[in-house]
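Enquirer: Just structure18.cif, nothing more (mmCIF, C-alpha atoms):
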data_query
#
loop_
_atom_site.group_PDB
_atom_site.id
_atom_site.type_symbol
_atom_site.label_atom_id
_atom_site.label_comp_id
_atom_site.auth_asym_id
_atom_site.auth_seq_id
_atom_site.Cartn_x
_atom_site.Cartn_y
_atom_site.Cartn_z
ATOM 1 C CA MET A 1475 -151.041 130.474 117.544
ATOM 2 C CA GLU A 1476 -152.599 131.787 114.373
ATOM 3 C CA ALA A 1477 -150.349 130.693 111.538
ATOM 4 C CA PRO A 1478 -149.739 133.167 108.735
ATOM 5 C CA PRO A 1479 -151.243 132.370 105.338
ATOM 6 C CA CYS A 1480 -149.378 129.542 103.720
ATOM 7 C CA SER A 1481 -148.050 130.021 100.218
ATOM 8 C CA GLN A 1482 -146.930 126.579 99.099
ATOM 9 C CA VAL A 1483 -143.600 126.549 97.313
ATOM 10 C CA GLU A 1484 -143.972 123.776 94.759
ATOM 11 C CA GLU A 1485 -140.644 124.354 93.060
ATOM 12 C CA LEU A 1486 -137.600 126.452 93.714
ATOM 13 C CA GLN A 1487 -137.456 129.382 91.329
ATOM 14 C CA PRO A 1488 -133.845 130.469 90.911
ATOM 15 C CA GLU A 1489 -132.908 133.538 88.964
ATOM 16 C CA GLN A 1490 -132.873 133.263 85.193
ATOM 17 C CA GLU A 1491 -129.807 133.963 83.148
ATOM 18 C CA HIS A 1492 -129.929 133.750 79.364
ATOM 19 C CA GLY A 1493 -133.130 131.749 79.632
ATOM 20 C CA SER A 1494 -131.710 128.873 81.730
ATOM 21 C CA SER A 1495 -131.975 128.254 85.462
ATOM 22 C CA LEU A 1496 -128.852 128.556 87.559
ATOM 23 C CA VAL A 1497 -127.343 125.448 89.107
ATOM 24 C CA VAL A 1498 -125.849 126.037 92.534
ATOM 25 C CA GLY A 1499 -122.534 124.194 92.720
ATOM 26 C CA LEU A 1500 -121.730 122.723 96.135
ATOM 27 C CA ARG A 1501 -118.209 122.030 97.246
ATOM 28 C CA LEU A 1502 -118.039 119.554 100.107
ATOM 29 C CA CYS A 1503 -115.679 119.730 103.071
ATOM 30 C CA ASP A 1504 -116.185 116.298 104.598
ATOM 31 C CA SER A 1505 -119.996 116.420 104.788
ATOM 32 C CA ALA A 1506 -120.420 120.205 105.037
ATOM 33 C CA PRO A 1507 -121.901 121.842 101.885
ATOM 34 C CA LEU A 1508 -120.053 125.057 101.009
ATOM 35 C CA LEU A 1509 -120.774 127.690 98.367
ATOM 36 C CA TRP A 1510 -117.844 129.645 96.925
ATOM 37 C CA ARG A 1511 -119.146 131.436 93.835
ATOM 38 C CA PHE A 1512 -120.677 134.865 94.282
ATOM 39 C CA GLN A 1513 -123.466 133.991 91.846
ATOM 40 C CA ASP A 1514 -124.346 130.925 93.926
ATOM 41 C CA LEU A 1515 -124.610 133.038 97.072
ATOM 42 C CA LYS A 1516 -126.827 135.496 95.247
ATOM 43 C CA THR A 1517 -129.049 132.698 93.937
ATOM 44 C CA VAL A 1518 -129.695 131.035 97.300
ATOM 45 C CA ARG A 1519 -130.285 134.416 98.964
ATOM 46 C CA SER A 1520 -132.900 135.280 96.366
ATOM 47 C CA ASN A 1521 -134.698 132.069 97.355
ATOM 48 C CA SER A 1522 -134.832 132.959 101.091
ATOM 49 C CA LEU A 1523 -131.909 130.712 102.056
ATOM 50 C CA VAL A 1524 -129.365 132.434 104.277
ATOM 51 C CA GLY A 1525 -126.595 130.044 105.400
ATOM 52 C CA ALA A 1526 -123.581 131.283 107.357
ATOM 53 C CA LEU A 1527 -120.403 132.926 106.054
ATOM 54 C CA LEU A 1528 -117.194 131.277 107.256
ATOM 55 C CA GLY A 1529 -114.247 132.794 105.397
ATOM 56 C CA SER A 1530 -112.053 135.676 106.462
ATOM 57 C CA LEU A 1531 -111.756 138.823 104.377
ATOM 58 C CA PRO A 1532 -108.446 139.220 102.483
ATOM 59 C CA ARG A 1533 -107.806 142.771 103.708
ATOM 60 C CA THR A 1534 -108.896 142.181 107.326
ATOM 61 C CA PRO A 1535 -108.189 138.522 108.131
ATOM 62 C CA ARG A 1536 -107.660 138.892 111.889
ATOM 63 C CA GLN A 1537 -111.240 139.596 112.897
ATOM 64 C CA ASN A 1538 -114.514 137.687 112.899
ATOM 65 C CA ILE A 1539 -117.082 140.477 112.881
ATOM 66 C CA ARG A 1540 -117.319 140.622 109.086
ATOM 67 C CA LEU A 1541 -116.830 137.351 107.240
ATOM 68 C CA GLY A 1542 -116.784 136.323 103.598
ATOM 69 C CA ARG A 1543 -116.949 133.238 101.428
ATOM 70 C CA PRO A 1544 -117.460 130.316 101.616
ATOM 71 C CA LEU A 1545 -121.083 130.095 102.701
ATOM 72 C CA LEU A 1546 -122.010 127.105 104.869
ATOM 73 C CA LEU A 1547 -125.521 125.772 104.323
ATOM 74 C CA MET A 1548 -127.569 124.117 107.021
ATOM 75 C CA PRO A 1549 -128.542 120.490 106.302
ATOM 76 C CA GLU A 1550 -132.137 121.605 105.801
ATOM 77 C CA GLU A 1551 -131.120 124.253 103.258
ATOM 78 C CA GLU A 1552 -129.027 121.744 101.341
ATOM 79 C CA ARG A 1553 -131.938 119.273 101.317
ATOM 80 C CA VAL A 1554 -134.353 121.899 99.992
ATOM 81 C CA LEU A 1555 -131.981 122.690 97.135
ATOM 82 C CA ARG A 1556 -131.427 119.028 96.400
ATOM 83 C CA GLU A 1557 -135.115 118.139 96.308
ATOM 84 C CA HIS A 1558 -135.882 121.030 93.960
ATOM 85 C CA HIS A 1559 -132.946 120.260 91.644
ATOM 86 C CA GLY A 1560 -131.392 123.620 92.409
ATOM 87 C CA ALA A 1561 -127.938 122.312 93.354
ATOM 88 C CA ALA A 1562 -125.454 119.650 92.381
ATOM 89 C CA ALA A 1563 -122.212 118.364 93.846
ATOM 90 C CA LEU A 1564 -119.240 117.590 91.660
ATOM 91 C CA SER A 1565 -117.865 114.229 92.757
ATOM 92 C CA ALA A 1566 -114.162 113.515 92.718
ATOM 93 C CA ARG A 1567 -114.550 110.687 90.224
ATOM 94 C CA ASN A 1568 -115.545 113.175 87.514
ATOM 95 C CA GLN A 1569 -112.127 114.812 87.707
ATOM 96 C CA ASP A 1570 -109.636 112.789 85.667
ATOM 97 C CA ALA A 1571 -105.924 112.588 86.401
ATOM 98 C CA ALA A 1572 -104.955 114.631 83.347
ATOM 99 C CA GLY A 1573 -107.184 117.515 84.370
ATOM 100 C CA ALA A 1574 -105.852 117.434 87.925
ATOM 101 C CA ALA A 1575 -102.245 117.441 86.664
ATOM 102 C CA GLU A 1576 -102.979 120.398 84.393
ATOM 103 C CA LEU A 1577 -104.554 122.357 87.243
ATOM 104 C CA ARG A 1578 -101.558 121.632 89.472
ATOM 105 C CA GLN A 1579 -99.128 122.759 86.781
ATOM 106 C CA ARG A 1580 -101.052 125.989 86.275
ATOM 107 C CA TYR A 1581 -101.113 126.555 90.019
ATOM 108 C CA GLU A 1582 -97.340 126.064 90.324
ATOM 109 C CA GLU A 1583 -96.723 128.414 87.385
ATOM 110 C CA GLU A 1584 -98.918 131.083 88.976
ATOM 111 C CA GLN A 1585 -97.107 130.660 92.294
ATOM 112 C CA GLN A 1586 -93.717 131.044 90.605
ATOM 113 C CA ARG A 1587 -94.857 134.142 88.723
ATOM 114 C CA SER A 1588 -96.263 135.605 91.939
ATOM 115 C CA LEU A 1589 -92.951 134.875 93.699
ATOM 116 C CA GLU A 1590 -90.979 136.723 91.018
ATOM 117 C CA GLU A 1591 -93.321 139.723 91.112
ATOM 118 C CA GLN A 1592 -93.223 139.961 94.906
ATOM 119 C CA SER A 1593 -89.435 139.577 94.887
ATOM 120 C CA ILE A 1594 -89.120 142.598 92.574
ATOM 121 C CA LEU A 1595 -91.441 144.648 94.791
ATOM 122 C CA ALA A 1596 -89.572 143.631 97.948
ATOM 123 C CA LEU A 1597 -86.245 144.634 96.382
ATOM 124 C CA GLU A 1598 -87.631 148.038 95.400
ATOM 125 C CA ASP A 1599 -88.889 148.560 98.954
ATOM 126 C CA ARG A 1600 -85.472 147.637 100.371
ATOM 127 C CA LYS A 1601 -83.742 150.064 97.983
ATOM 128 C CA SER A 1602 -86.112 152.852 98.951
ATOM 129 C CA ALA A 1603 -85.454 152.223 102.641
ATOM 130 C CA LEU A 1604 -81.680 152.204 102.084
ATOM 131 C CA LEU A 1605 -81.872 155.403 100.048
ATOM 132 C CA ARG A 1606 -83.844 157.195 102.763
ATOM 133 C CA ALA A 1607 -81.476 156.008 105.475
ATOM 134 C CA MET A 1608 -78.313 157.138 103.650
ATOM 135 C CA THR A 1609 -79.707 160.508 102.591
ATOM 136 C CA SER A 1610 -80.898 161.263 106.126
ATOM 137 C CA SER A 1611 -77.567 160.218 107.669
ATOM 138 C CA SER A 1612 -75.490 162.249 105.214
ATOM 139 C CA GLY A 1613 -77.628 165.315 105.896
ATOM 140 C CA SER A 1614 -76.569 168.346 103.923
ATOM 141 C CA GLU A 1615 -73.331 166.715 102.761
ATOM 142 C CA SER A 1616 -73.327 165.995 99.065
ATOM 143 C CA GLY A 1617 -70.776 165.231 96.449
ATOM 144 C CA ALA A 1618 -69.367 162.649 94.134
ATOM 145 C CA GLY A 1619 -68.079 160.534 97.023
ATOM 146 C CA SER A 1620 -71.432 160.175 98.740
ATOM 147 C CA ASP A 1621 -73.181 159.434 95.452
ATOM 148 C CA GLU A 1622 -70.600 156.797 94.603
ATOM 149 C CA ALA A 1623 -70.979 155.161 98.030
ATOM 150 C CA LEU A 1624 -74.753 155.116 97.595
ATOM 151 C CA GLN A 1625 -74.502 153.460 94.198
ATOM 152 C CA CYS A 1626 -72.108 150.842 95.589
ATOM 153 C CA ARG A 1627 -74.499 150.024 98.420
ATOM 154 C CA LEU A 1628 -77.464 149.751 96.039
ATOM 155 C CA LEU A 1629 -75.481 147.511 93.679
ATOM 156 C CA ALA A 1630 -74.400 145.240 96.534
ATOM 157 C CA LEU A 1631 -77.986 145.037 97.770
ATOM 158 C CA GLU A 1632 -79.247 144.070 94.322
ATOM 159 C CA GLN A 1633 -76.614 141.352 93.928
ATOM 160 C CA ASN A 1634 -77.085 139.810 97.377
ATOM 161 C CA PHE A 1635 -80.824 140.222 97.839
ATOM 162 C CA SER A 1636 -82.924 137.064 98.025
ATOM 163 C CA PHE A 1637 -86.666 136.780 98.664
ATOM 164 C CA PRO A 1638 -87.532 133.609 100.611
ATOM 165 C CA ARG A 1639 -90.513 131.562 99.464
ATOM 166 C CA SER A 1640 -91.739 131.457 103.064
ATOM 167 C CA ALA A 1641 -92.409 135.212 102.835
ATOM 168 C CA LEU A 1642 -94.646 134.786 99.787
ATOM 169 C CA ALA A 1643 -98.077 136.328 100.257
ATOM 170 C CA VAL A 1644 -100.526 133.576 99.382
ATOM 171 C CA GLN A 1645 -103.305 134.576 97.008
ATOM 172 C CA LEU A 1646 -106.516 132.571 97.303
ATOM 173 C CA SER A 1647 -108.450 132.526 94.050
ATOM 174 C CA THR A 1648 -112.161 131.904 94.552
ATOM 175 C CA ALA A 1649 -113.381 132.929 91.109
ATOM 176 C CA ARG A 1650 -112.652 129.597 89.425
ATOM 177 C CA ALA A 1651 -114.960 126.923 90.780
ATOM 178 C CA GLY A 1652 -115.091 124.671 87.727
ATOM 179 C CA LEU A 1653 -118.862 124.885 87.341
ATOM 180 C CA SER A 1654 -120.861 126.122 84.366
ATOM 181 C CA HIS A 1655 -124.366 127.535 84.596
ATOM 182 C CA CYS A 1656 -125.873 126.074 81.459
ATOM 183 C CA GLN A 1657 -128.252 123.280 80.589
ATOM 184 C CA GLU A 1658 -125.483 121.086 79.174
ATOM 185 C CA ALA A 1659 -123.647 121.215 82.494
ATOM 186 C CA ARG A 1660 -126.634 120.119 84.559
ATOM 187 C CA ALA A 1661 -126.306 116.472 83.510
ATOM 188 C CA PHE A 1662 -122.558 116.559 84.092
ATOM 189 C CA LEU A 1663 -123.050 117.963 87.580
ATOM 190 C CA GLU A 1664 -125.579 115.311 88.558
ATOM 191 C CA ALA A 1665 -123.687 113.165 91.030
ATOM 192 C CA ASP A 1666 -124.192 111.009 94.048
ATOM 193 C CA TRP A 1667 -124.594 113.104 97.175
ATOM 194 C CA PRO A 1668 -121.807 112.174 99.585
ATOM 195 C CA ILE A 1669 -123.445 114.157 102.355
ATOM 196 C CA ARG A 1670 -124.083 111.721 105.172
ATOM 197 C CA GLU A 1671 -127.764 111.078 105.702
ATOM 198 C CA GLN A 1672 -128.669 110.784 109.359
ATOM 199 C CA ASP A 1673 -132.152 109.323 109.375
ATOM 200 C CA SER A 1674 -133.780 110.066 112.704
ATOM 201 C CA PRO A 1675 -137.209 111.324 113.797
ATOM 202 C CA ARG A 1676 -135.616 114.494 115.177
ATOM 203 C CA ARG A 1677 -133.839 115.254 111.906
ATOM 204 C CA ASP A 1678 -136.982 114.657 109.863
ATOM 205 C CA ALA A 1679 -138.989 116.876 112.212
ATOM 206 C CA ARG A 1680 -136.456 119.680 111.788
ATOM 207 C CA TYR A 1681 -136.655 119.456 108.018
ATOM 208 C CA GLN A 1682 -140.464 119.404 107.915
ATOM 209 C CA VAL A 1683 -140.611 122.465 110.159
ATOM 210 C CA PHE A 1684 -137.935 124.226 108.102
ATOM 211 C CA ARG A 1685 -139.725 123.480 104.842
ATOM 212 C CA ASP A 1686 -143.087 124.624 106.171
ATOM 213 C CA LEU A 1687 -141.795 127.946 107.528
ATOM 214 C CA TRP A 1688 -139.626 128.511 104.437
ATOM 215 C CA GLY A 1689 -142.675 127.826 102.278
ATOM 216 C CA ARG A 1690 -144.564 130.546 104.144
ATOM 217 C CA GLY A 1691 -141.938 133.090 103.147
ATOM 218 C CA PHE A 1692 -139.868 133.223 106.342
ATOM 219 C CA PHE A 1693 -136.065 133.342 106.480
ATOM 220 C CA LEU A 1694 -134.456 130.860 108.854
ATOM 221 C CA THR A 1695 -131.020 130.638 110.463
ATOM 222 C CA SER A 1696 -129.527 128.459 113.164
ATOM 223 C CA ALA A 1697 -130.657 129.219 116.727
ATOM 224 C CA GLY A 1698 -127.946 127.401 118.644
ATOM 225 C CA LYS A 1699 -127.115 130.548 120.633
ATOM 226 C CA PHE A 1700 -130.757 130.885 121.699
ATOM 227 C CA GLY A 1701 -131.434 127.315 122.798
ATOM 228 C CA GLY A 1702 -133.608 126.439 119.791
ATOM 229 C CA ASP A 1703 -133.400 124.932 116.337
ATOM 230 C CA PHE A 1704 -134.123 127.930 114.085
ATOM 231 C CA LEU A 1705 -134.422 131.697 114.293
ATOM 232 C CA VAL A 1706 -137.404 132.773 112.199
ATOM 233 C CA TYR A 1707 -137.257 136.153 110.426
ATOM 234 C CA PRO A 1708 -140.166 137.875 108.668
ATOM 235 C CA GLY A 1709 -137.764 139.045 105.946
ATOM 236 C CA ASP A 1710 -134.087 139.250 105.094
ATOM 237 C CA PRO A 1711 -132.003 139.066 108.317
ATOM 238 C CA LEU A 1712 -130.044 142.111 107.151
ATOM 239 C CA ARG A 1713 -133.236 144.159 107.465
ATOM 240 C CA PHE A 1714 -135.238 142.485 110.227
ATOM 241 C CA HIS A 1715 -134.748 141.019 113.678
ATOM 242 C CA ALA A 1716 -135.946 137.485 114.327
ATOM 243 C CA HIS A 1717 -139.482 137.260 115.689
ATOM 244 C CA PHE A 1718 -139.528 133.604 116.718
ATOM 245 C CA ILE A 1719 -137.301 130.893 118.184
ATOM 246 C CA ALA A 1720 -138.434 127.590 116.718
ATOM 247 C CA VAL A 1721 -137.989 124.443 118.818
ATOM 248 C CA CYS A 1722 -138.675 121.276 116.826
ATOM 249 C CA LEU A 1723 -140.288 118.308 118.581
ATOM 250 C CA THR A 1724 -141.991 115.155 117.399
ATOM 251 C CA LEU A 1725 -145.639 114.678 118.336
ATOM 252 C CA ASP A 1726 -144.866 111.853 120.754
ATOM 253 C CA GLU A 1727 -141.801 113.519 122.285
ATOM 254 C CA SER A 1728 -142.010 114.574 125.912
ATOM 255 C CA ILE A 1729 -140.341 117.708 127.237
ATOM 256 C CA CYS A 1730 -139.400 118.603 130.790
ATOM 257 C CA MET A 1731 -141.329 121.489 132.328
ATOM 258 C CA LEU A 1732 -138.073 123.087 133.467
ATOM 259 C CA ASP A 1733 -136.899 123.135 129.843
ATOM 260 C CA VAL A 1734 -140.148 124.799 128.820
ATOM 261 C CA LEU A 1735 -139.709 127.473 131.489
ATOM 262 C CA SER A 1736 -136.063 127.993 130.548
ATOM 263 C CA VAL A 1737 -136.685 128.505 126.841
ATOM 264 C CA ALA A 1738 -139.730 130.703 127.526
ATOM 265 C CA ARG A 1739 -137.716 132.915 129.883
ATOM 266 C CA LEU A 1740 -134.875 133.095 127.369
ATOM 267 C CA GLY A 1741 -137.272 134.095 124.617
ATOM 268 C CA SER A 1742 -138.679 136.841 126.819
ATOM 269 C CA ASN A 1743 -135.202 138.209 127.583
ATOM 270 C CA VAL A 1744 -134.270 138.452 123.899
ATOM 271 C CA LYS A 1745 -137.750 139.751 122.926
ATOM 272 C CA LYS A 1746 -138.706 136.776 120.789
ATOM 273 C CA THR A 1747 -141.633 134.371 120.862
ATOM 274 C CA VAL A 1748 -140.814 130.694 121.366
ATOM 275 C CA LEU A 1749 -142.542 128.279 118.984
ATOM 276 C CA LEU A 1750 -142.910 124.591 119.781
ATOM 277 C CA CYS A 1751 -143.140 123.017 116.322
ATOM 278 C CA SER A 1752 -144.372 119.447 115.800
ATOM 279 C CA PRO A 1753 -144.969 117.923 112.341
ATOM 280 C CA ALA A 1754 -148.154 115.886 111.979
ATOM 281 C CA LEU A 1755 -148.610 112.653 110.050
ATOM 282 C CA ASP A 1756 -150.570 114.415 107.302
ATOM 283 C CA GLY A 1757 -147.626 116.721 106.500
ATOM 284 C CA SER A 1758 -148.879 119.790 108.359
ATOM 285 C CA VAL A 1759 -147.033 121.357 111.276
ATOM 286 C CA HIS A 1760 -148.595 122.233 114.633
ATOM 287 C CA TYR A 1761 -147.297 125.407 116.288
ATOM 288 C CA THR A 1762 -147.593 126.347 119.967
ATOM 289 C CA SER A 1763 -146.322 129.736 121.124
ATOM 290 C CA LEU A 1764 -144.802 130.336 124.552
ATOM 291 C CA GLN A 1765 -144.490 133.696 126.271
ATOM 292 C CA TRP A 1766 -143.111 134.395 129.732
ATOM 293 C CA SER A 1767 -145.543 136.278 131.943
ATOM 294 C CA GLY A 1768 -143.743 136.054 135.297
ATOM 295 C CA MET A 1769 -144.253 134.017 138.449
ATOM 296 C CA MET A 1770 -147.461 134.110 140.470
#
What is this structure when it is put down as structure tokens?

Expert:
Amino acid sequence: MEAPPCSQVEELQPEQEHGSSLVVGLRLCDSAPLLWRFQDLKTVRSNSLVGALLGSLPRTPRQNIRLGRPLLLMPEEERVLREHHGAAALSARNQDAAGAAELRQRYEEEQQRSLEEQSILALEDRKSALLRAMTSSSGSESGAGSDEALQCRLLALEQNFSFPRSALAVQLSTARAGLSHCQEARAFLEADWPIREQDSPRRDARYQVFRDLWGRGFFLTSAGKFGGDFLVYPGDPLRFHAHFIAVCLTLDESICMLDVLSVARLGSNVKKTVLLCSPALDGSVHYTSLQWSGMM
């Protein structure tokens, strides 16, 4: 296969803000790197890194068609950012006990204030419902007696009403991530990477293929649904369909012919070209394209 012209990416070029490069702050869930800040998502997208959104939307939580933050990065995307000093993880040891206690106190105060506000709103809703019910039941009847009965019912409701904490609508705040995008913060954010390294020939081959295709200007996402390692897009996945299914193999790795036929047939059904990608010892990557042409 004729490879497209290679434009080597020597260093990640994040967006500039006030003359200083942005530091992408990773929050780790076990070993999974997550991005929460909107600016971080914008920065990695501008550098042809896509990731996968995991969070539900606040207004439509019971669906999975449209998702929101956090953004989960593939191991290869995290490694690219790490090697180009474009990201840093804040380790737990940098957070002292006093700071954690202060954050917890602020959180509890916000929860209490939210509980009081929602209790007032719930009481107003209950009064409105009671008022509508009594006015509709009384119909055209009006007078001092009905007004007095209504006031008594409203007063009793106000005195006996209680809003349980279990009914509190939880508000998830994602704006505060505790990271600063300035040069002084870069040294503070430098930390040991707790992401588990899994040294294996297969993992190294995946990263070399990812880095080579990313360096050529392609966008890559996971291809687990298509039986490969990466889906390769000529541009932003929001604007283009994937052209290739990349399958990463080492040079000395054997592959069953039935597997070759299966992935080639799958690529033909989804209108994509299958690429067998094998990194060489000199750092280059060898590409072999497969296309299904039918049985003879």

Enquirer: Distance atom CA of Gln1586 of chain A-atom CA of Ala1641 of chain A, one decimal place?

Expert: 13.0 Å

Enquirer: Spell out the residues picked by the PyMOL selection byres ((chain A and resi 1684-1688) around 9) here, as a list of chain:residue names.

Expert: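 When the PyMOL selection byres ((chain A and resi 1684-1688) around 9) is applied to the shown file, the picked residues are A:Cys1480, A:Gln1482, A:Val1483, A:Ser1522, A:Leu1523, A:Glu1550, A:Glu1551, A:Val1554, A:Ala1679, A:Arg1680, A:Tyr1681, A:Gln1682, A:Val1683, A:Gly1689, A:Arg1690, A:Gly1691, A:Phe1692, A:Phe1693, A:Leu1694, A:Phe1704, A:Val1706, A:Ser1758, A:Val1759.
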
Enquirer: So what do you get for atom CA of Asp1756 of chain A versus atom CA of Leu1547 of chain A, distance-wise?

Expert: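 About the pair atom CA of Asp1756 of chain A and atom CA of Leu1547 of chain A: they are 27.7 Å apart.
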
Enquirer: Expanded to explicit residues, what is the PyMOL selection byres ((chain A and resi 1715) around 12) for this file, as a PyMOL selection string?

Expert: chain A and resi 1692-1695+1705-1714+1716-1719+1744-1747

Enquirer: At what distance in Å, to one decimal, does atom CA of Ser1620 of chain A lie from atom CA of Leu1597 of chain A?

Expert: 21.6 Å

Enquirer: Using the chain letters and numbers from the file, give me the residues hit by the PyMOL selection byres ((chain A and resi 1509) around 8), as a list of chain:residue names.

Expert: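 Output of the PyMOL selection byres ((chain A and resi 1509) around 8): A:Val1498, A:Gly1499, A:Leu1500, A:Arg1501, A:Pro1507, A:Leu1508, A:Trp1510, A:Arg1511, A:Asp1514, A:Leu1515, A:Arg1543, A:Pro1544, A:Leu1545, A:Leu1546, A:Leu1547.
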
Enquirer: Deliver the residues from the most recent selection as a file, using C-alpha atoms, as a JSON list (two decimals), in the frame of the given file.

Expert:
[["chain", "number", "residue", "atom", "x", "y", "z"],
["A", 1498, "VAL", "CA", -125.85, 126.04, 92.53],
["A", 1499, "GLY", "CA", -122.53, 124.19, 92.72],
["A", 1500, "LEU", "CA", -121.73, 122.72, 96.14],
["A", 1501, "ARG", "CA", -118.21, 122.03, 97.25],
["A", 1507, "PRO", "CA", -121.90, 121.84, 101.88],
["A", 1508, "LEU", "CA", -120.05, 125.06, 101.01],
["A", 1510, "TRP", "CA", -117.84, 129.65, 96.92],
["A", 1511, "ARG", "CA", -119.15, 131.44, 93.84],
["A", 1514, "ASP", "CA", -124.35, 130.93, 93.93],
["A", 1515, "LEU", "CA", -124.61, 133.04, 97.07],
["A", 1543, "ARG", "CA", -116.95, 133.24, 101.43],
["A", 1544, "PRO", "CA", -117.46, 130.32, 101.62],
["A", 1545, "LEU", "CA", -121.08, 130.10, 102.70],
["A", 1546, "LEU", "CA", -122.01, 127.10, 104.87],
["A", 1547, "LEU", "CA", -125.52, 125.77, 104.32]]

Enquirer: As a CSV table (one decimal), keeping the file's coordinate frame, please: segment 1739-1745 of chain A completed to all heavy atoms.

Expert:
chain,number,residue,atom,x,y,z
A,1739,ARG,N,-138.4,131.8,129.2
A,1739,ARG,CA,-137.7,132.9,129.9
A,1739,ARG,C,-136.6,133.5,129.0
A,1739,ARG,O,-136.5,134.7,128.9
A,1739,ARG,CB,-137.1,132.5,131.2
A,1739,ARG,CG,-136.4,133.6,132.0
A,1739,ARG,CD,-137.5,134.6,132.4
A,1739,ARG,NE,-136.8,135.7,133.1
A,1739,ARG,CZ,-136.6,135.7,134.5
A,1739,ARG,NH1,-137.0,134.7,135.2
A,1739,ARG,NH2,-136.1,136.8,135.0
A,1740,LEU,N,-135.9,132.6,128.3
A,1740,LEU,CA,-134.9,133.1,127.4
A,1740,LEU,C,-135.5,133.9,126.2
A,1740,LEU,O,-135.0,135.0,125.9
A,1740,LEU,CB,-134.1,131.9,126.8
A,1740,LEU,CG,-133.0,132.2,125.7
A,1740,LEU,CD1,-132.0,133.2,126.3
A,1740,LEU,CD2,-132.4,131.0,125.2
A,1741,GLY,N,-136.6,133.4,125.7
A,1741,GLY,CA,-137.3,134.1,124.6
A,1741,GLY,C,-137.8,135.5,125.1
A,1741,GLY,O,-137.7,136.4,124.3
A,1742,SER,N,-138.2,135.5,126.3
A,1742,SER,CA,-138.7,136.8,126.8
A,1742,SER,C,-137.5,137.8,127.0
A,1742,SER,O,-137.7,139.0,126.7
A,1742,SER,CB,-139.4,136.6,128.2
A,1742,SER,OG,-139.7,137.9,128.8
A,1743,ASN,N,-136.4,137.3,127.4
A,1743,ASN,CA,-135.2,138.2,127.6
A,1743,ASN,C,-134.7,138.8,126.3
A,1743,ASN,O,-134.2,139.9,126.2
A,1743,ASN,CB,-134.1,137.5,128.3
A,1743,ASN,CG,-134.4,137.2,129.8
A,1743,ASN,OD1,-135.3,137.8,130.3
A,1743,ASN,ND2,-133.7,136.2,130.4
A,1744,VAL,N,-134.8,138.0,125.2
A,1744,VAL,CA,-134.3,138.5,123.9
A,1744,VAL,C,-135.4,139.0,123.0
A,1744,VAL,O,-135.2,139.2,121.8
A,1744,VAL,CB,-133.5,137.3,123.2
A,1744,VAL,CG1,-132.3,136.9,124.0
A,1744,VAL,CG2,-134.4,136.1,122.9
A,1745,LYS,N,-136.6,139.2,123.6
A,1745,LYS,CA,-137.8,139.8,122.9
A,1745,LYS,C,-138.1,139.0,121.7
A,1745,LYS,O,-138.3,139.5,120.6
A,1745,LYS,CB,-137.5,141.2,122.5
A,1745,LYS,CG,-137.2,142.1,123.7
A,1745,LYS,CD,-137.0,143.5,123.3
A,1745,LYS,CE,-136.9,144.5,124.5
A,1745,LYS,NZ,-135.9,144.1,125.5
